[in-house]
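This is target_13.csv. It holds CSV, C-alpha atoms and all ligand atoms.
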```
chain,number,residue,atom,x,y,z
A,1,MET,CA,-64.5,12.3,53.4
A,2,LYS,CA,-65.0,10.8,49.9
A,3,ASN,CA,-62.4,8.4,48.6
A,4,SER,CA,-61.1,10.8,45.8
A,5,GLN,CA,-60.7,13.6,48.3
A,6,LYS,CA,-58.7,11.3,50.5
A,7,VAL,CA,-56.3,10.4,47.6
A,8,SER,CA,-55.6,14.1,46.7
A,9,LYS,CA,-55.0,15.0,50.4
A,10,LEU,CA,-52.5,12.1,50.6
A,11,ALA,CA,-50.9,13.3,47.4
A,12,GLU,CA,-50.5,16.9,48.7
A,13,LEU,CA,-48.9,15.5,51.8
A,14,GLN,CA,-46.5,13.4,49.8
A,15,ASN,CA,-45.7,16.2,47.5
A,16,SER,CA,-45.1,18.6,50.3
A,17,THR,CA,-43.0,16.0,52.0
A,18,MET,CA,-40.9,15.7,48.8
A,19,GLU,CA,-40.7,19.4,48.6
A,20,LYS,CA,-39.4,19.6,52.1
A,21,GLN,CA,-36.9,16.8,51.5
A,22,LEU,CA,-35.6,18.5,48.4
A,23,ASN,CA,-35.2,21.9,50.2
A,24,THR,CA,-33.4,20.3,53.1
A,25,LEU,CA,-31.2,18.4,50.7
A,26,GLN,CA,-30.2,21.6,49.0
A,27,GLU,CA,-29.5,23.4,52.3
A,28,ASP,CA,-27.4,20.5,53.6
A,29,ALA,CA,-25.4,20.2,50.5
A,30,LEU,CA,-24.6,24.0,50.3
A,31,GLU,CA,-23.8,24.0,54.0
A,32,SER,CA,-21.4,21.0,53.7
A,33,LEU,CA,-19.8,22.5,50.6
A,34,LYS,CA,-18.7,25.5,52.6
A,35,LYS,CA,-16.3,23.3,54.7
A,36,ILE,CA,-14.7,21.6,51.7
A,37,ASN,CA,-11.2,22.7,50.7
A,38,ASN,CA,-9.8,20.0,48.4
A,39,LEU,CA,-10.8,18.2,45.2
A,40,GLU,CA,-11.1,14.7,46.6
A,41,LYS,CA,-13.5,15.8,49.3
A,42,LEU,CA,-15.4,17.7,46.7
A,43,LYS,CA,-15.8,14.6,44.5
A,44,GLU,CA,-17.0,12.6,47.6
A,45,LEU,CA,-19.6,15.3,48.3
A,46,GLU,CA,-20.8,15.2,44.7
A,47,VAL,CA,-21.2,11.4,44.8
A,48,GLU,CA,-23.0,11.7,48.1
A,49,TYR,CA,-25.6,14.1,46.9
A,50,LEU,CA,-25.8,13.7,43.1
A,51,GLY,CA,-24.3,10.2,42.5
A,52,ARG,CA,-26.3,7.4,41.0
A,53,LYS,CA,-26.9,6.0,44.5
A,54,GLY,CA,-26.8,9.4,46.2
A,55,LYS,CA,-29.3,11.3,48.3
A,56,LEU,CA,-31.1,13.0,45.5
A,57,THR,CA,-31.8,9.7,43.8
A,58,GLU,CA,-33.0,8.4,47.1
A,59,ILE,CA,-35.6,11.2,47.4
A,60,LEU,CA,-36.7,10.8,43.7
A,61,ARG,CA,-37.6,7.2,44.4
A,62,GLY,CA,-40.7,8.7,46.2
A,63,LEU,CA,-41.7,10.3,42.9
A,64,LYS,CA,-43.6,7.2,41.8
A,65,ASP,CA,-46.1,7.7,44.7
A,66,VAL,CA,-46.9,11.3,43.7
A,67,PRO,CA,-50.1,11.5,41.6
A,68,ALA,CA,-49.7,12.1,37.9
A,69,GLU,CA,-50.9,15.8,37.9
A,70,GLN,CA,-48.3,16.8,40.6
A,71,LYS,CA,-45.4,15.0,39.0
A,72,PRO,CA,-44.3,17.7,36.7
A,73,LEU,CA,-44.0,20.2,39.6
A,74,ALA,CA,-42.1,17.8,41.7
A,75,GLY,CA,-39.9,17.0,38.7
A,76,GLN,CA,-39.2,20.7,38.1
A,77,LEU,CA,-38.3,21.3,41.7
A,78,SER,CA,-35.9,18.4,41.8
A,79,ASN,CA,-34.2,19.6,38.6
A,80,LYS,CA,-33.8,23.0,40.1
A,81,VAL,CA,-32.2,21.6,43.2
A,82,LYS,CA,-29.9,19.5,41.2
A,83,THR,CA,-28.7,22.4,39.1
A,84,ILE,CA,-28.2,24.6,42.2
A,85,ILE,CA,-26.1,21.9,43.9
A,86,SER,CA,-24.0,21.1,40.8
A,87,ASP,CA,-23.4,24.8,40.0
A,88,ALA,CA,-22.2,25.3,43.5
A,89,ILE,CA,-19.9,22.3,43.2
A,90,GLU,CA,-18.5,23.6,39.9
A,91,ALA,CA,-17.9,27.0,41.5
A,92,LYS,CA,-16.2,25.4,44.4
A,93,LYS,CA,-14.0,23.4,42.1
A,94,GLN,CA,-12.8,26.5,40.3
A,95,GLU,CA,-12.1,28.2,43.6
A,96,ILE,CA,-10.0,25.3,44.9
A,97,GLU,CA,-8.1,25.1,41.6
A,98,ARG,CA,-7.4,28.8,41.7
A,99,ILE,CA,-6.1,28.6,45.2
A,100,ASP,CA,-3.9,25.6,44.3
A,101,VAL,CA,-2.3,27.5,41.5
A,102,GLU,CA,-1.8,30.6,43.6
A,103,LYS,CA,-0.3,28.5,46.3
A,104,SER,CA,2.2,26.9,44.0
A,105,LEU,CA,3.0,30.2,42.4
A,106,ASN,CA,3.8,31.6,45.8
A,107,GLU,CA,6.0,28.6,46.6
A,108,GLY,CA,7.7,29.2,43.2
A,109,PHE,CA,6.9,25.7,41.9
A,110,PHE,CA,4.6,26.5,39.0
A,111,ASP,CA,6.2,25.9,35.7
A,112,THR,CA,4.2,27.9,33.2
A,113,THR,CA,6.1,26.3,30.3
A,114,ALA,CA,5.4,22.7,31.3
A,115,PRO,CA,3.2,20.9,28.7
A,116,SER,CA,-0.4,20.4,29.8
A,117,THR,CA,-1.0,17.0,31.3
A,118,SER,CA,-4.3,16.7,29.6
A,119,SER,CA,-3.1,17.2,26.0
A,120,GLN,CA,-3.5,14.2,23.8
A,121,ILE,CA,-1.0,13.0,21.2
A,122,GLY,CA,-2.5,11.8,17.9
A,123,THR,CA,-1.6,8.8,15.9
A,124,ILE,CA,-1.0,8.4,12.2
A,125,HIS,CA,-4.1,7.5,10.3
A,126,PRO,CA,-4.0,3.9,8.9
A,127,VAL,CA,-4.5,5.1,5.4
A,128,PHE,CA,-1.5,7.5,5.6
A,129,GLU,CA,0.6,4.9,7.4
A,130,THR,CA,0.1,2.5,4.5
A,131,LEU,CA,0.4,5.3,1.9
A,132,THR,CA,3.8,6.2,3.2
A,133,GLU,CA,5.0,2.6,2.8
A,134,VAL,CA,3.5,2.4,-0.7
A,135,GLU,CA,5.3,5.6,-1.7
A,136,ASN,CA,8.6,4.4,-0.2
A,137,ILE,CA,8.4,1.1,-2.2
A,138,PHE,CA,7.6,2.8,-5.5
A,139,SER,CA,10.2,5.5,-4.9
A,140,GLN,CA,12.8,2.9,-4.5
A,141,MET,CA,11.8,1.4,-7.8
A,142,GLY,CA,12.4,4.7,-9.5
A,143,PHE,CA,8.8,6.1,-9.5
A,144,THR,CA,8.1,9.7,-8.7
A,145,ILE,CA,5.1,10.8,-6.7
A,146,ALA,CA,2.7,13.0,-8.6
A,147,ASP,CA,-0.3,15.0,-7.4
A,148,GLY,CA,-3.4,16.5,-9.0
A,149,PRO,CA,-6.4,18.6,-8.0
A,150,GLU,CA,-9.4,17.0,-6.2
A,151,ILE,CA,-11.7,19.3,-8.0
A,152,GLU,CA,-11.2,18.4,-11.6
A,153,SER,CA,-12.6,19.4,-14.9
A,154,GLU,CA,-14.9,17.0,-16.7
A,155,TYR,CA,-12.3,17.1,-19.5
A,156,TYR,CA,-9.5,15.7,-17.4
A,157,ASN,CA,-11.6,13.3,-15.4
A,158,PHE,CA,-13.5,11.8,-18.4
A,159,THR,CA,-13.0,13.2,-21.9
A,160,ALA,CA,-9.2,13.1,-22.1
A,161,LEU,CA,-9.3,9.6,-20.7
A,162,ASN,CA,-11.3,8.4,-23.7
A,163,ILE,CA,-14.5,8.1,-21.7
A,164,PRO,CA,-17.4,8.7,-24.1
A,165,ASP,CA,-20.0,11.5,-23.4
A,166,ASP,CA,-22.7,9.0,-22.7
A,167,HIS,CA,-20.7,6.8,-20.4
A,168,PRO,CA,-22.7,6.0,-17.2
A,169,ALA,CA,-19.8,7.2,-15.0
A,170,ARG,CA,-20.6,10.7,-16.0
A,171,ASP,CA,-24.1,10.3,-14.6
A,172,MET,CA,-25.1,12.6,-11.7
A,173,GLN,CA,-25.7,9.3,-9.8
A,174,ASP,CA,-22.0,8.5,-9.9
A,175,THR,CA,-20.3,11.9,-9.9
A,176,PHE,CA,-20.5,15.0,-7.7
A,177,PHE,CA,-20.8,17.9,-10.1
A,178,VAL,CA,-19.5,21.1,-8.5
A,179,GLU,CA,-20.7,23.7,-10.9
A,180,GLN,CA,-23.7,24.0,-13.1
A,181,THR,CA,-21.9,26.3,-15.6
A,182,GLN,CA,-19.8,24.7,-18.3
A,183,HIS,CA,-16.4,25.7,-19.6
A,184,PRO,CA,-16.6,25.5,-23.4
A,185,GLU,CA,-13.7,23.0,-23.6
A,186,HIS,CA,-13.3,21.6,-20.1
A,187,GLY,CA,-17.0,21.0,-19.3
A,188,HIS,CA,-18.3,21.0,-15.7
A,189,GLN,CA,-16.2,21.0,-12.6
A,190,VAL,CA,-16.4,17.6,-10.7
A,191,LEU,CA,-15.0,16.1,-7.6
A,192,ARG,CA,-12.6,13.6,-9.4
A,193,THR,CA,-14.0,10.1,-9.4
A,194,GLN,CA,-10.6,8.5,-10.0
A,195,THR,CA,-6.9,9.4,-9.9
A,196,SER,CA,-6.5,8.7,-13.6
A,197,PRO,CA,-6.7,12.4,-14.6
A,198,VAL,CA,-3.3,12.9,-13.1
A,199,GLN,CA,-2.0,10.7,-16.0
A,200,ILE,CA,-3.0,13.3,-18.5
A,201,ARG,CA,-1.7,16.2,-16.4
A,202,ALA,CA,1.7,14.5,-15.9
A,203,MET,CA,2.1,13.6,-19.6
A,204,LYS,CA,1.4,17.2,-20.6
A,205,GLU,CA,3.7,18.6,-18.0
A,206,HIS,CA,6.7,16.3,-18.2
A,207,GLY,CA,6.4,14.3,-21.5
A,208,ALA,CA,7.9,10.9,-22.1
A,209,PRO,CA,9.5,8.9,-20.6
A,210,LEU,CA,7.5,8.8,-17.3
A,211,ARG,CA,7.4,6.7,-14.2
A,212,LEU,CA,5.1,7.8,-11.5
A,213,ILE,CA,2.4,7.0,-9.0
A,214,ALA,CA,-0.3,9.4,-8.1
A,215,PRO,CA,-2.1,8.7,-4.8
A,216,GLY,CA,-5.0,10.7,-3.6
A,217,ARG,CA,-8.6,11.1,-2.6
A,218,VAL,CA,-11.5,10.4,-5.0
A,219,PHE,CA,-15.2,10.9,-4.7
A,220,ARG,CA,-18.2,9.0,-5.8
A,221,ASN,CA,-21.9,9.6,-5.3
A,222,GLU,CA,-22.5,6.2,-3.7
A,223,ALA,CA,-25.1,4.8,-1.5
A,224,THR,CA,-22.7,4.0,1.4
A,225,ASP,CA,-22.4,0.7,3.1
A,226,ALA,CA,-19.7,-1.3,4.9
A,227,SER,CA,-17.6,-1.6,1.7
A,228,HIS,CA,-18.6,1.6,-0.2
A,229,ASP,CA,-18.0,5.2,0.9
A,230,SER,CA,-18.3,8.5,-1.0
A,231,THR,CA,-14.7,9.4,-0.3
A,232,PHE,CA,-11.8,7.0,-0.5
A,233,HIS,CA,-8.2,6.8,-1.6
A,234,GLN,CA,-6.7,5.4,-4.8
A,235,VAL,CA,-3.2,5.0,-6.1
A,236,GLU,CA,-2.6,5.6,-9.8
A,237,GLY,CA,0.5,4.2,-11.6
A,238,LEU,CA,1.9,5.2,-14.9
A,239,LEU,CA,4.9,4.1,-16.8
A,240,ILE,CA,5.7,5.4,-20.3
A,241,ASP,CA,8.8,4.5,-22.2
A,242,LYS,CA,10.0,2.6,-25.3
A,243,ASP,CA,9.4,-1.1,-25.5
A,244,ILE,CA,7.2,-1.4,-22.5
A,245,SER,CA,5.0,-4.4,-22.0
A,246,ILE,CA,2.6,-5.9,-19.5
A,247,ALA,CA,5.3,-8.2,-18.3
A,248,HIS,CA,7.0,-5.2,-16.7
A,249,LEU,CA,3.7,-4.4,-14.9
A,250,LYS,CA,3.5,-7.9,-13.5
A,251,GLY,CA,7.1,-7.7,-12.2
A,252,VAL,CA,6.5,-4.3,-10.6
A,253,LEU,CA,3.3,-5.4,-8.9
A,254,GLU,CA,4.6,-8.6,-7.5
A,255,GLN,CA,7.6,-6.8,-6.2
A,256,PHE,CA,5.4,-4.1,-4.7
A,257,LEU,CA,3.0,-6.4,-3.0
A,258,THR,CA,5.7,-8.8,-1.7
A,259,ARG,CA,7.5,-5.9,0.0
A,260,LEU,CA,4.3,-4.3,1.3
A,261,PHE,CA,3.0,-7.5,2.9
A,262,ASP,CA,6.4,-8.9,3.7
A,263,LYS,CA,5.6,-12.3,2.1
A,264,LYS,CA,5.6,-13.8,-1.4
A,265,VAL,CA,2.5,-12.5,-3.3
A,266,SER,CA,1.7,-13.4,-6.9
A,267,VAL,CA,-0.7,-11.6,-9.3
A,268,ARG,CA,-2.9,-12.7,-12.1
A,269,PHE,CA,-4.5,-10.8,-15.0
A,270,ARG,CA,-8.0,-11.2,-16.3
A,271,PRO,CA,-9.4,-9.3,-19.2
A,272,GLY,CA,-11.2,-6.1,-18.1
A,273,TYR,CA,-12.6,-3.0,-19.8
A,274,PHE,CA,-11.6,0.6,-19.0
A,275,PRO,CA,-12.0,3.1,-21.9
A,276,PHE,CA,-8.5,4.5,-21.2
A,277,VAL,CA,-6.5,1.3,-21.7
A,278,GLU,CA,-6.3,-1.3,-24.5
A,279,PRO,CA,-6.0,-4.1,-23.8
A,280,GLY,CA,-7.4,-3.7,-20.3
A,281,PHE,CA,-7.1,-6.0,-17.2
A,282,GLU,CA,-8.5,-6.7,-13.9
A,283,VAL,CA,-5.7,-7.7,-11.6
A,284,ASP,CA,-6.0,-10.0,-8.6
A,285,PHE,CA,-3.4,-11.0,-6.0
A,286,SER,CA,-3.1,-14.3,-4.2
A,287,CYS,CA,-5.0,-14.3,-1.0
A,288,LEU,CA,-2.8,-13.4,2.0
A,289,ILE,CA,-4.7,-15.4,4.5
A,290,CYS,CA,-4.8,-18.8,2.7
A,291,GLU,CA,-2.0,-18.2,0.2
A,292,GLY,CA,-4.2,-19.2,-2.7
A,293,LYS,CA,-5.7,-22.3,-1.2
A,294,GLY,CA,-9.2,-20.8,-0.7
A,295,CYS,CA,-10.7,-19.3,2.5
A,296,ARG,CA,-13.6,-17.1,3.7
A,297,VAL,CA,-11.7,-13.9,3.0
A,298,CYS,CA,-11.2,-14.7,-0.7
A,299,LYS,CA,-14.6,-16.4,-0.9
A,300,HIS,CA,-12.8,-19.6,-1.7
A,301,LEU,CA,-11.3,-18.3,-4.9
A,302,GLY,CA,-7.7,-18.1,-3.7
A,303,TRP,CA,-7.5,-14.6,-5.2
A,304,VAL,CA,-8.5,-11.2,-4.1
A,305,GLU,CA,-9.6,-8.4,-6.6
A,306,PHE,CA,-6.9,-5.7,-6.6
A,307,MET,CA,-7.1,-3.2,-9.4
A,308,GLY,CA,-7.7,-2.1,-12.9
A,309,ALA,CA,-4.8,-1.8,-15.4
A,310,GLY,CA,-3.8,-2.0,-19.0
A,311,MET,CA,-1.8,-0.6,-21.8
A,312,VAL,CA,-2.4,3.2,-22.1
A,313,HIS,CA,-4.9,3.8,-25.0
A,314,PRO,CA,-3.4,5.8,-28.0
A,315,ASN,CA,-6.1,8.4,-27.6
A,316,VAL,CA,-5.0,9.0,-24.0
A,317,LEU,CA,-1.4,9.4,-25.1
A,318,LYS,CA,-2.6,11.8,-27.7
A,319,ALA,CA,-4.5,13.8,-25.1
A,320,GLY,CA,-1.3,13.8,-23.1
A,321,GLU,CA,0.6,15.1,-26.1
A,322,ILE,CA,2.8,12.0,-26.4
A,323,ASP,CA,3.8,10.4,-29.7
A,324,SER,CA,2.1,7.0,-29.6
A,325,GLU,CA,4.3,5.8,-32.5
A,326,LYS,CA,7.4,6.2,-30.4
A,327,TYR,CA,6.2,5.5,-26.9
A,328,GLN,CA,3.8,3.2,-25.1
A,329,GLY,CA,3.2,2.3,-21.5
A,330,TRP,CA,0.9,0.9,-18.9
A,331,ALA,CA,-1.3,2.4,-16.2
A,332,PHE,CA,-3.0,1.0,-13.2
A,333,GLY,CA,-5.3,2.2,-10.4
A,334,PHE,CA,-6.0,0.5,-7.1
A,335,GLY,CA,-8.1,1.3,-4.1
A,336,LEU,CA,-5.7,2.1,-1.3
A,337,THR,CA,-8.6,2.1,1.1
A,338,ARG,CA,-9.4,-1.5,0.3
A,339,LEU,CA,-5.8,-2.5,0.8
A,340,VAL,CA,-5.7,-0.8,4.2
A,341,MET,CA,-8.9,-2.6,5.2
A,342,MET,CA,-7.5,-5.9,4.3
A,343,ARG,CA,-4.2,-5.2,6.0
A,344,TYR,CA,-5.7,-4.2,9.3
A,345,LYS,CA,-8.8,-6.4,9.0
A,346,ILE,CA,-11.1,-3.3,9.2
A,347,PRO,CA,-14.7,-4.5,8.7
A,348,ASP,CA,-16.4,-1.2,7.7
A,349,ILE,CA,-15.0,1.3,5.3
A,350,ARG,CA,-16.9,4.2,7.0
A,351,LEU,CA,-14.8,3.9,10.1
A,352,LEU,CA,-11.9,5.4,8.2
A,353,THR,CA,-13.6,8.7,7.6
A,354,SER,CA,-15.7,8.7,10.8
A,355,GLY,CA,-13.2,10.6,13.0
A,356,ASP,CA,-14.2,8.2,15.8
A,357,LEU,CA,-11.4,8.3,18.4
A,358,ARG,CA,-12.2,4.8,19.7
A,359,PHE,CA,-11.3,3.5,16.3
A,360,LEU,CA,-8.4,5.8,15.5
A,361,LYS,CA,-6.6,5.2,18.8
A,362,GLN,CA,-6.0,1.6,17.9
A,363,PHE,CA,-3.4,2.6,15.4
A,401,LIG,N1,-9.4,4.5,-12.8
A,401,LIG,C1,-9.9,3.2,-12.8
A,401,LIG,C2,-11.0,3.1,-11.7
A,401,LIG,O1,-11.1,4.0,-10.9
A,401,LIG,C3,-8.8,2.2,-12.5
A,401,LIG,C4,-7.8,2.1,-13.6
A,401,LIG,C5,-6.7,2.9,-13.6
A,401,LIG,C6,-7.9,1.2,-14.6
A,401,LIG,C7,-5.7,2.8,-14.6
A,401,LIG,C8,-7.0,1.1,-15.6
A,401,LIG,C9,-5.9,1.9,-15.6
A,401,LIG,O2,-11.7,2.1,-11.6
```

Transcribe the structure of this file into structure tokens.
Amino acid sequence: MKNSQKVSKLAELQNSTMEKQLNTLQEDALESLKKINNLEKLKELEVEYLGRKGKLTEILRGLKDVPAEQKPLAGQLSNKVKTIISDAIEAKKQEIERIDVEKSLNEGFFDTTAPSTSSQIGTIHPVFETLTEVENIFSQMGFTIADGPEIESEYYNFTALNIPDDHPARDMQDTFFVEQTQHPEHGHQVLRTQTSPVQIRAMKEHGAPLRLIAPGRVFRNEATDASHDSTFHQVEGLLIDKDISIAHLKGVLEQFLTRLFDKKVSVRFRPGYFPFVEPGFEVDFSCLICEGKGCRVCKHLGWVEFMGAGMVHPNVLKAGEIDSEKYQGWAFGFGLTRLVMMRYKIPDIRLLTSGDLRFLKQF
């Protein structure tokens, strides 16, 4: 006998041995299954035959000695056996469960109105938990809570807010345009990029004086990373009345943050540009971790960037049909999502919209 013939004979032998082993395993398993009448024993049987250290695994160890051309067949057979055994186990499981229910029904113990033991109770999402607190604090300071549509017109999202036609925010790169067709006055439909359009809607609806916050979802066509997502939450603030100044804003913000974080927080204003305010500011608050001394979280500045704000631009008051000779006011907009991340030390913004239960269950 030539050497190669010898090898293939040996292979046949091994393969048929494996075939036999698999068939015997199947028979044994199905036979033992017949005698089982409770779920614990069933689990034991499953582990014995299909478990990681079970009998099937044991047989499959021999697969490495089967020559390459015969491996697919041996593999197919073992998969078939595995499916037959696990289907039989599943069928047995259902049978046992059915018998158990019937038994308890007969004994009169089965409460069909009892809540399912496997139901899961959800938790409040961290963004909404914080939003509820934000709303409570502002409500107690006399602010109402306003709302606006998430699908906005280009007019409310940009034009009425004094944002020029050629402003980069209107670019397709930054904004999700919903419709190609344009309304003659209101332009395209967009997913709102900010909560500021609610300013205009509220001014038109209620007139002056006004004192409101408008929380909600906003959308930007961003390349996402740990600190940028295409969907996030903002909170808009608007106060319109007679003799209003930025000093009122500073007082309101310090009061708000101190209550939210339950410790003394101060704010500072830097000049900033937003077309819908004049003058405009970037507002920072003192770092909560180091209290202004400087640490890694605030990049050793002692301050954390918080929001945009400013005195409402006369063109915006006009678009909101408010007499800018009589009334003035301020507006602000902050990223609620950022605040939540800081509050709970969440390292990646995308976790908040991921729906990942491992993350959500921590709250
Ligand atoms: N809407 C601005 C933004 O999204 C924030 C802002 C609101 C700035 C109100 C000034 C006044 O960046």

Proximity check chain A to ligand LIG 401 (chain A), 8 Å, nearest pairs one decimal Å, only C-alpha atoms and all ligand atoms, as CSV:
```
residue,atom,partner,partner_atom,distance
A:Thr193,CA,A:LIG401,O1,6.9
A:Gln194,CA,A:LIG401,O1,4.6
A:Thr195,CA,A:LIG401,N1,6.2
A:Ser196,CA,A:LIG401,N1,5.2
A:Gln234,CA,A:LIG401,O1,7.7
A:Glu236,CA,A:LIG401,C5,6.2
A:Gly237,CA,A:LIG401,C7,7.0
A:Leu238,CA,A:LIG401,C7,8.0
A:Phe274,CA,A:LIG401,C8,5.7
A:Phe276,CA,A:LIG401,C9,6.7
A:Val277,CA,A:LIG401,C8,6.1
A:Gly280,CA,A:LIG401,C8,6.7
A:Phe281,CA,A:LIG401,C8,7.3
A:Glu282,CA,A:LIG401,C6,8.0
A:Met307,CA,A:LIG401,C3,6.5
A:Gly308,CA,A:LIG401,C6,3.7
A:Ala309,CA,A:LIG401,C8,3.6
A:Gly310,CA,A:LIG401,C9,5.6
A:Met311,CA,A:LIG401,C9,7.8
A:Val312,CA,A:LIG401,C9,7.5
A:Trp330,CA,A:LIG401,C9,7.6
A:Ala331,CA,A:LIG401,C9,4.7
A:Phe332,CA,A:LIG401,C7,3.5
A:Gly333,CA,A:LIG401,C5,3.6
A:Phe334,CA,A:LIG401,C3,6.3
A:Gly335,CA,A:LIG401,O1,7.9
```

Selected residues written out, C-alpha atoms, as a short mmCIF file (atom, residue, chain, number, x, y, z; two decimals), in the frame of the given file:
```
data_model
loop_
_atom_site.label_atom_id
_atom_site.label_comp_id
_atom_site.auth_asym_id
_atom_site.auth_seq_id
_atom_site.Cartn_x
_atom_site.Cartn_y
_atom_site.Cartn_z
CA THR A 193 -14.00 10.10 -9.40
CA GLN A 194 -10.60 8.50 -10.00
CA THR A 195 -6.90 9.40 -9.90
CA SER A 196 -6.50 8.70 -13.60
CA GLN A 234 -6.70 5.40 -4.80
CA GLU A 236 -2.60 5.60 -9.80
CA GLY A 237 0.50 4.20 -11.60
CA LEU A 238 1.90 5.20 -14.90
CA PHE A 274 -11.60 0.60 -19.00
CA PHE A 276 -8.50 4.50 -21.20
CA VAL A 277 -6.50 1.30 -21.70
CA GLY A 280 -7.40 -3.70 -20.30
CA PHE A 281 -7.10 -6.00 -17.20
CA GLU A 282 -8.50 -6.70 -13.90
CA MET A 307 -7.10 -3.20 -9.40
CA GLY A 308 -7.70 -2.10 -12.90
CA ALA A 309 -4.80 -1.80 -15.40
CA GLY A 310 -3.80 -2.00 -19.00
CA MET A 311 -1.80 -0.60 -21.80
CA VAL A 312 -2.40 3.20 -22.10
CA TRP A 330 0.90 0.90 -18.90
CA ALA A 331 -1.30 2.40 -16.20
CA PHE A 332 -3.00 1.00 -13.20
CA GLY A 333 -5.30 2.20 -10.40
CA PHE A 334 -6.00 0.50 -7.10
CA GLY A 335 -8.10 1.30 -4.10
#
```

>> Which residues are close to segment 174-188 of chain A, i.e. within 7 Å by only C-alpha atoms, leaving aside same-chain residues fewer than 6 positions away? Reply as a ChimeraX atom specification.
In response: /A:153-155,220-222

> Hey, what's within 12 Å of segment 37-52 of chain A if we count only C-alpha atoms and toss same-chain stuff fewer than 2 positions away? As a ChimeraX atom specification, please?
Replying inline: /A:22,24-35,54-61,78-79,81-100

> atom CA of Thr353 of chain A to atom CA of Gly216 of chain A: how many Å, to one decimal?
Replying inline: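 These two atoms are separated by 14.3 Å.
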
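We find atom CA of Arg170 of chain A and atom CA of Ile151 of chain A to be spaced 14.7 Å apart.
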